[in-house]
Every structure is written in C-alpha cells, then in structure tokens.
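A short write-up of the structure that comes next.
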Amino acid sequence: MVESGEPYGAIEDGAVLIRDGRLVWVGPRADLPAHEAAVTERLDGRWITPGLIDCHTHLVFGGNRSHEFERRLTGVPYEQIAREGGGIVSTMAATRAATEDALVASALHRLRGLTATGVTTVEIKSGYGLDAAHELKMLRAARRVGVEGGVRVSTTFLGLHALPPEHRADRAAWLDLMIDEVLPAAHAEGLVDAVDAYCEPIAFTRDEVARLFEKARSLGLPVKLHADQLSDGGGGALAAAHGALSADHVEHTDEAGVVAMAAAGTVAVLLPGAYLMLCETTPPPVDLFRRHGVRMAVATDCNPGTSPVASLTAALNLACVQFRLTPEEALAGATRHAAAALGLSGQIGTLEAGKAADLAVWDVERPAELCYWLGAPLLHRRWVAGNPG
C-alpha cells in the first residue's frame, strides 16, 4: 500500500498525517514531524490500508433474480435463461418500474455491505434502463448514492448491456439512439465518468462496441469492457486496441489478448463472484497476466443475476481460493490496481502524500487476514476524504 519495499508495502508502527482531506505525510511513527505529534490518533495494534475500491459493480437496479438462481442450480445455463427473457432483460423491467428514489434506497442498502468491508470508492454502472429516460435515471441515482452513502462513486455508462425486447426488430436504430443520443445526453449532464459495453455472442459485436468506443473518445471519456467472460471473442485485445482502462471478467482471454493488454496498460478486473455463481470452470489466465505484467484488480461485480455479492473482502477471499491470487496480489487488486482500473491512480489507492485520505482501519494481526476470513467483521473504522464514516 506504500512503497516501503516490505510485503504489502507495510510500515510497522507507522503513522499518517491528514490535512484538508488529504494525506500530507506517511511513514514510520518514529519519524513523525515533532510539531504534528500532538494531533495524531493512536490505533495501536491495528492495520491501516487505503480505503478499498470496488471497481466493477451494478449496484443500482430494481428487483432481484433469486428465482433465476434457483433455476441455475438445477442446471439451466445462464445463456438459456437470458434467451428466454430472463437475465438482464428481467432486471430491465424491474428497473424501469422503479422510481429514482426507490433505486437509491435499494442501492444504499447494498452499499452498507460494501462499506462494512472497508470500501470507500465504488464504481456503479448503468445498463438496466436501456432507453434514454431510464439510463439517465440510473446514472442520477448512482450520483446520489455517492452523496447519500458517503462514498466516492465513479459512474459508468453501460448502454450496450443488452438489447431490449421492444427493439429486436430495429437493432440498428436502437444502437443509433444509445450511442448518438443517450450517451451524449448523459455526458452533457455530467453523469458519466467512463463508458462500458458487454461484448459476447449473446450481447454485442466487436464492431458495435468499437463504434460506441469511438463516440466515447470523441467525448473525451475513457472506456472499459466486459470481455471474454463466456467465450474468447477477442475482447481483451479489443479493449487494449481502444486504450481501455480495464477489461473485466477475462476468463477466456488468450495469450495474444493478454500481450495486447500489457502493451496498452489495460487492467484485468477479476470478478470471482460471477465465476462462483455461474459455476464456471475456466478461470482467468492469472499466470499469463503475471508473466506479461498485466495488473490485476478484484471487484464484487455486485449485480442481481450473476454476482449478488455485497462484500469486497469476500471477493478477495474468492480470488485467492478460486484464482490462486496471493493475498498480497488480492489486496493490491482492491487498492492500487482498482484505482488504475478507474483512472484514479493519482487520487486514491495507495497511502502517499498528496492523495485523498481514504483509509480503512482493521482489527487484524496481519494483512493476509483480509483475504483469509470469509464473513468475519474485520473493519474497525473508515475515513473518506479525512472524514470518519
């Protein structure tokens, strides 16, 4: 978490100084500037990390899909459920029916699970409205979640998430609407920090995604991609070709895609909750990511269908157990690499002077416990911009 040369970047018996919401000094307590010593708060026996960053969620949505969970447990694949009108389209109907206030209230309920596991920054995607009015409603709700929930929120326009049933006969016209009208409108309202798409045979093609990304670039917006989750569709390479901040899921990304991601600096966002819930058997190519120097982030993918996970420390545990990340890799994946996946490395993700004072304080004896315990209450306290929460 800091550049100390020790495992986890640890500083034993360390101290931080906060002023005006920012870190102004980080180091061994013995080196604490003498004139500042009187204003420090002692946290003896506890570990301080950067506030955790959940860099991939769908936190704002209506309803839930527990009935689909039951079907999947009987062996019905997700692709079949989606083709039968379930999946994303089911949540679309519930989201359209919900008011903005209702969406905020339900998202705040889920957010409490994340903040209880040390989260201070959360990315929230649209993508369940799938028309102008409801996509904008979701993004407005996401902005409100940040204000009312006391966290940093990074919003992502995921207009190309699924094709709504009413537009199956006019796919081209609907794409025109989402790319040329809805995205610019959301951007003009200040509701978009990044642009995402779902690139799979059951969703959108590489050409359709490329068109969206070109529009995003014209608006000065960074991009990211749901890539290679269910098949190797070249999503990792596509994301890299557009300079994407991240390629997310990436279970089926091949070595060529990994090499392209490394060259572009694209972060691989691992989503072990979806892997678990979908009973997948092909894990992300972690060894290839290590070999080629691709940074790996870890996130919950909190969503109503394929990852009803509202604990980032649980996702860290799953990343270690299922994908064989080391605890040090997993914790880096929820701090500095997650910050990179949101384009926020200069602001959050490490304990460095000049960065935001977003901190998590833990009742643990060693950092590995953050990945070791599954469901234990480990968090002692959080700070967001220097304010306790």
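A note on labels: chains of the structure tokens are A, B, ... as shown, every chain counts residues from 1, and ligands are counted from 1 in their shown order.
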Strand (DSSP E or B) residues, from DSSP on the backbone, in region 224-362 of chain A, as an MDAnalysis selection string: chainID A and resid 224:227 246:249 267:270 296:298 356 359:362
Can you write out the residues you just picked, keeping all heavy atoms, as a short mmCIF file (atom, residue, chain, number, x, y, z; two decimals), in the first residue's frame?
```cif
data_model
loop_
_atom_site.label_atom_id
_atom_site.label_comp_id
_atom_site.auth_asym_id
_atom_site.auth_seq_id
_atom_site.Cartn_x
_atom_site.Cartn_y
_atom_site.Cartn_z
N LYS A 224 -13.99 0.95 -20.92
CA LYS A 224 -13.66 -0.34 -20.33
C LYS A 224 -14.59 -1.35 -20.98
O LYS A 224 -15.52 -0.98 -21.70
CB LYS A 224 -13.83 -0.30 -18.81
CG LYS A 224 -15.19 0.17 -18.36
CD LYS A 224 -15.28 0.32 -16.85
CE LYS A 224 -14.37 1.43 -16.38
NZ LYS A 224 -14.43 1.60 -14.89
N LEU A 225 -14.38 -2.65 -20.72
CA LEU A 225 -15.14 -3.65 -21.47
C LEU A 225 -15.39 -4.90 -20.65
O LEU A 225 -14.48 -5.42 -20.01
CB LEU A 225 -14.38 -4.03 -22.75
CG LEU A 225 -15.10 -4.98 -23.73
CD1 LEU A 225 -16.34 -4.32 -24.30
CD2 LEU A 225 -14.16 -5.40 -24.86
N HIS A 226 -16.65 -5.38 -20.68
CA HIS A 226 -16.96 -6.74 -20.25
C HIS A 226 -16.42 -7.67 -21.34
O HIS A 226 -16.99 -7.74 -22.44
CB HIS A 226 -18.47 -6.95 -20.14
CG HIS A 226 -19.12 -6.34 -18.93
ND1 HIS A 226 -19.11 -5.00 -18.67
CD2 HIS A 226 -19.82 -6.94 -17.91
CE1 HIS A 226 -19.78 -4.78 -17.54
NE2 HIS A 226 -20.22 -5.93 -17.05
N ALA A 227 -15.35 -8.38 -21.05
CA ALA A 227 -14.61 -9.06 -22.11
C ALA A 227 -14.39 -10.54 -21.81
O ALA A 227 -13.98 -10.90 -20.71
CB ALA A 227 -13.25 -8.38 -22.30
N SER A 246 -9.74 -0.87 -18.46
CA SER A 246 -9.80 -2.25 -17.97
C SER A 246 -10.55 -3.14 -18.93
O SER A 246 -11.38 -2.69 -19.73
CB SER A 246 -10.48 -2.29 -16.59
OG SER A 246 -11.86 -1.99 -16.68
N ALA A 247 -10.24 -4.43 -18.83
CA ALA A 247 -11.03 -5.50 -19.44
C ALA A 247 -11.46 -6.39 -18.28
O ALA A 247 -10.63 -6.85 -17.51
CB ALA A 247 -10.21 -6.29 -20.45
N ASP A 248 -12.77 -6.62 -18.16
CA ASP A 248 -13.33 -7.21 -16.96
C ASP A 248 -13.93 -8.59 -17.24
O ASP A 248 -14.52 -8.81 -18.29
CB ASP A 248 -14.41 -6.30 -16.39
CG ASP A 248 -13.90 -4.90 -16.06
OD1 ASP A 248 -12.94 -4.45 -16.71
OD2 ASP A 248 -14.44 -4.26 -15.15
N HIS A 249 -13.77 -9.49 -16.31
CA HIS A 249 -14.08 -10.92 -16.37
C HIS A 249 -12.87 -11.67 -16.93
O HIS A 249 -12.20 -12.38 -16.19
CB HIS A 249 -15.35 -11.22 -17.18
CG HIS A 249 -16.62 -10.78 -16.55
ND1 HIS A 249 -17.13 -11.40 -15.43
CD2 HIS A 249 -17.49 -9.80 -16.87
CE1 HIS A 249 -18.26 -10.82 -15.09
NE2 HIS A 249 -18.49 -9.83 -15.94
N VAL A 267 -5.95 -2.80 -17.37
CA VAL A 267 -6.04 -3.62 -16.16
C VAL A 267 -7.01 -4.78 -16.38
O VAL A 267 -8.07 -4.61 -16.98
CB VAL A 267 -6.51 -2.76 -14.96
CG1 VAL A 267 -6.67 -3.60 -13.70
CG2 VAL A 267 -5.54 -1.60 -14.72
N ALA A 268 -6.65 -5.96 -15.90
CA ALA A 268 -7.57 -7.10 -15.89
C ALA A 268 -8.36 -7.07 -14.59
O ALA A 268 -7.78 -7.16 -13.50
CB ALA A 268 -6.79 -8.41 -15.98
N VAL A 269 -9.67 -6.89 -14.67
CA VAL A 269 -10.51 -6.88 -13.47
C VAL A 269 -11.11 -8.27 -13.30
O VAL A 269 -11.91 -8.73 -14.13
CB VAL A 269 -11.61 -5.81 -13.56
CG1 VAL A 269 -12.50 -5.87 -12.32
CG2 VAL A 269 -10.99 -4.42 -13.69
N LEU A 270 -10.73 -8.94 -12.23
CA LEU A 270 -11.19 -10.30 -11.94
C LEU A 270 -12.45 -10.23 -11.09
O LEU A 270 -12.50 -9.48 -10.11
CB LEU A 270 -10.10 -11.09 -11.22
CG LEU A 270 -8.70 -11.06 -11.87
CD1 LEU A 270 -7.75 -11.98 -11.10
CD2 LEU A 270 -8.76 -11.45 -13.34
N MET A 296 -3.75 -6.79 -12.07
CA MET A 296 -5.00 -7.49 -11.80
C MET A 296 -5.74 -6.81 -10.66
O MET A 296 -5.23 -6.71 -9.55
CB MET A 296 -4.74 -8.95 -11.44
CG MET A 296 -4.17 -9.78 -12.59
SD MET A 296 -3.86 -11.51 -12.13
CE MET A 296 -2.36 -11.32 -11.14
N ALA A 297 -6.93 -6.33 -10.95
CA ALA A 297 -7.82 -5.79 -9.93
C ALA A 297 -8.84 -6.86 -9.55
O ALA A 297 -9.05 -7.84 -10.28
CB ALA A 297 -8.53 -4.54 -10.43
N VAL A 298 -9.47 -6.68 -8.40
CA VAL A 298 -10.51 -7.60 -7.92
C VAL A 298 -11.72 -6.76 -7.52
O VAL A 298 -11.57 -5.75 -6.83
CB VAL A 298 -10.03 -8.43 -6.72
CG1 VAL A 298 -11.15 -9.34 -6.22
CG2 VAL A 298 -8.79 -9.24 -7.07
N ALA A 356 -5.93 11.40 -1.58
CA ALA A 356 -7.08 11.57 -0.69
C ALA A 356 -6.91 10.71 0.56
O ALA A 356 -6.38 9.59 0.50
CB ALA A 356 -8.36 11.16 -1.41
N LEU A 359 -9.18 5.92 4.04
CA LEU A 359 -8.47 4.93 4.83
C LEU A 359 -9.43 3.89 5.37
O LEU A 359 -10.60 4.18 5.64
CB LEU A 359 -7.75 5.58 6.01
CG LEU A 359 -6.87 6.79 5.74
CD1 LEU A 359 -6.40 7.40 7.05
CD2 LEU A 359 -5.68 6.39 4.87
N ALA A 360 -8.91 2.67 5.57
CA ALA A 360 -9.63 1.63 6.29
C ALA A 360 -8.71 1.13 7.40
O ALA A 360 -7.53 0.87 7.16
CB ALA A 360 -10.01 0.48 5.36
N VAL A 361 -9.25 1.02 8.58
CA VAL A 361 -8.50 0.53 9.74
C VAL A 361 -9.10 -0.80 10.15
O VAL A 361 -10.33 -0.93 10.30
CB VAL A 361 -8.55 1.53 10.91
CG1 VAL A 361 -7.76 1.00 12.10
CG2 VAL A 361 -8.01 2.89 10.47
N TRP A 362 -8.23 -1.79 10.36
CA TRP A 362 -8.67 -3.18 10.50
C TRP A 362 -8.23 -3.78 11.84
O TRP A 362 -7.10 -3.56 12.28
CB TRP A 362 -8.08 -4.04 9.37
CG TRP A 362 -8.36 -3.51 7.99
CD1 TRP A 362 -7.57 -2.68 7.26
CD2 TRP A 362 -9.52 -3.77 7.20
NE1 TRP A 362 -8.16 -2.42 6.05
CE2 TRP A 362 -9.36 -3.07 5.99
CE3 TRP A 362 -10.68 -4.53 7.40
CZ2 TRP A 362 -10.30 -3.11 4.97
CZ3 TRP A 362 -11.62 -4.57 6.40
CH2 TRP A 362 -11.44 -3.87 5.19
#
```
Close residues, region 346-348 of chain A itself excluded, 12 Å, only C-alpha atoms, min 2 positions apart in chain, as an MDAnalysis selection string: chainID A and resid 1:2 21:23 49:53 119:122 152 334:344 350:359 384:385
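Between CA of His380 (chain A) and CA of Asp363 (chain A) the separation is 5.8 Å.
Distance-wise, CA of Leu331 (chain A) and CA of Thr313 (chain A) end up 9.0 Å apart.
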Per-residue DSSP, region 348-377 of chain A, filtered to helix (DSSP H, G or I), as a ChimeraX atom specification: /A:369-372
Atom-to-atom span, CA of Leu271 (chain A) and CA of Asp287 (chain A), Å: 16.1 Å
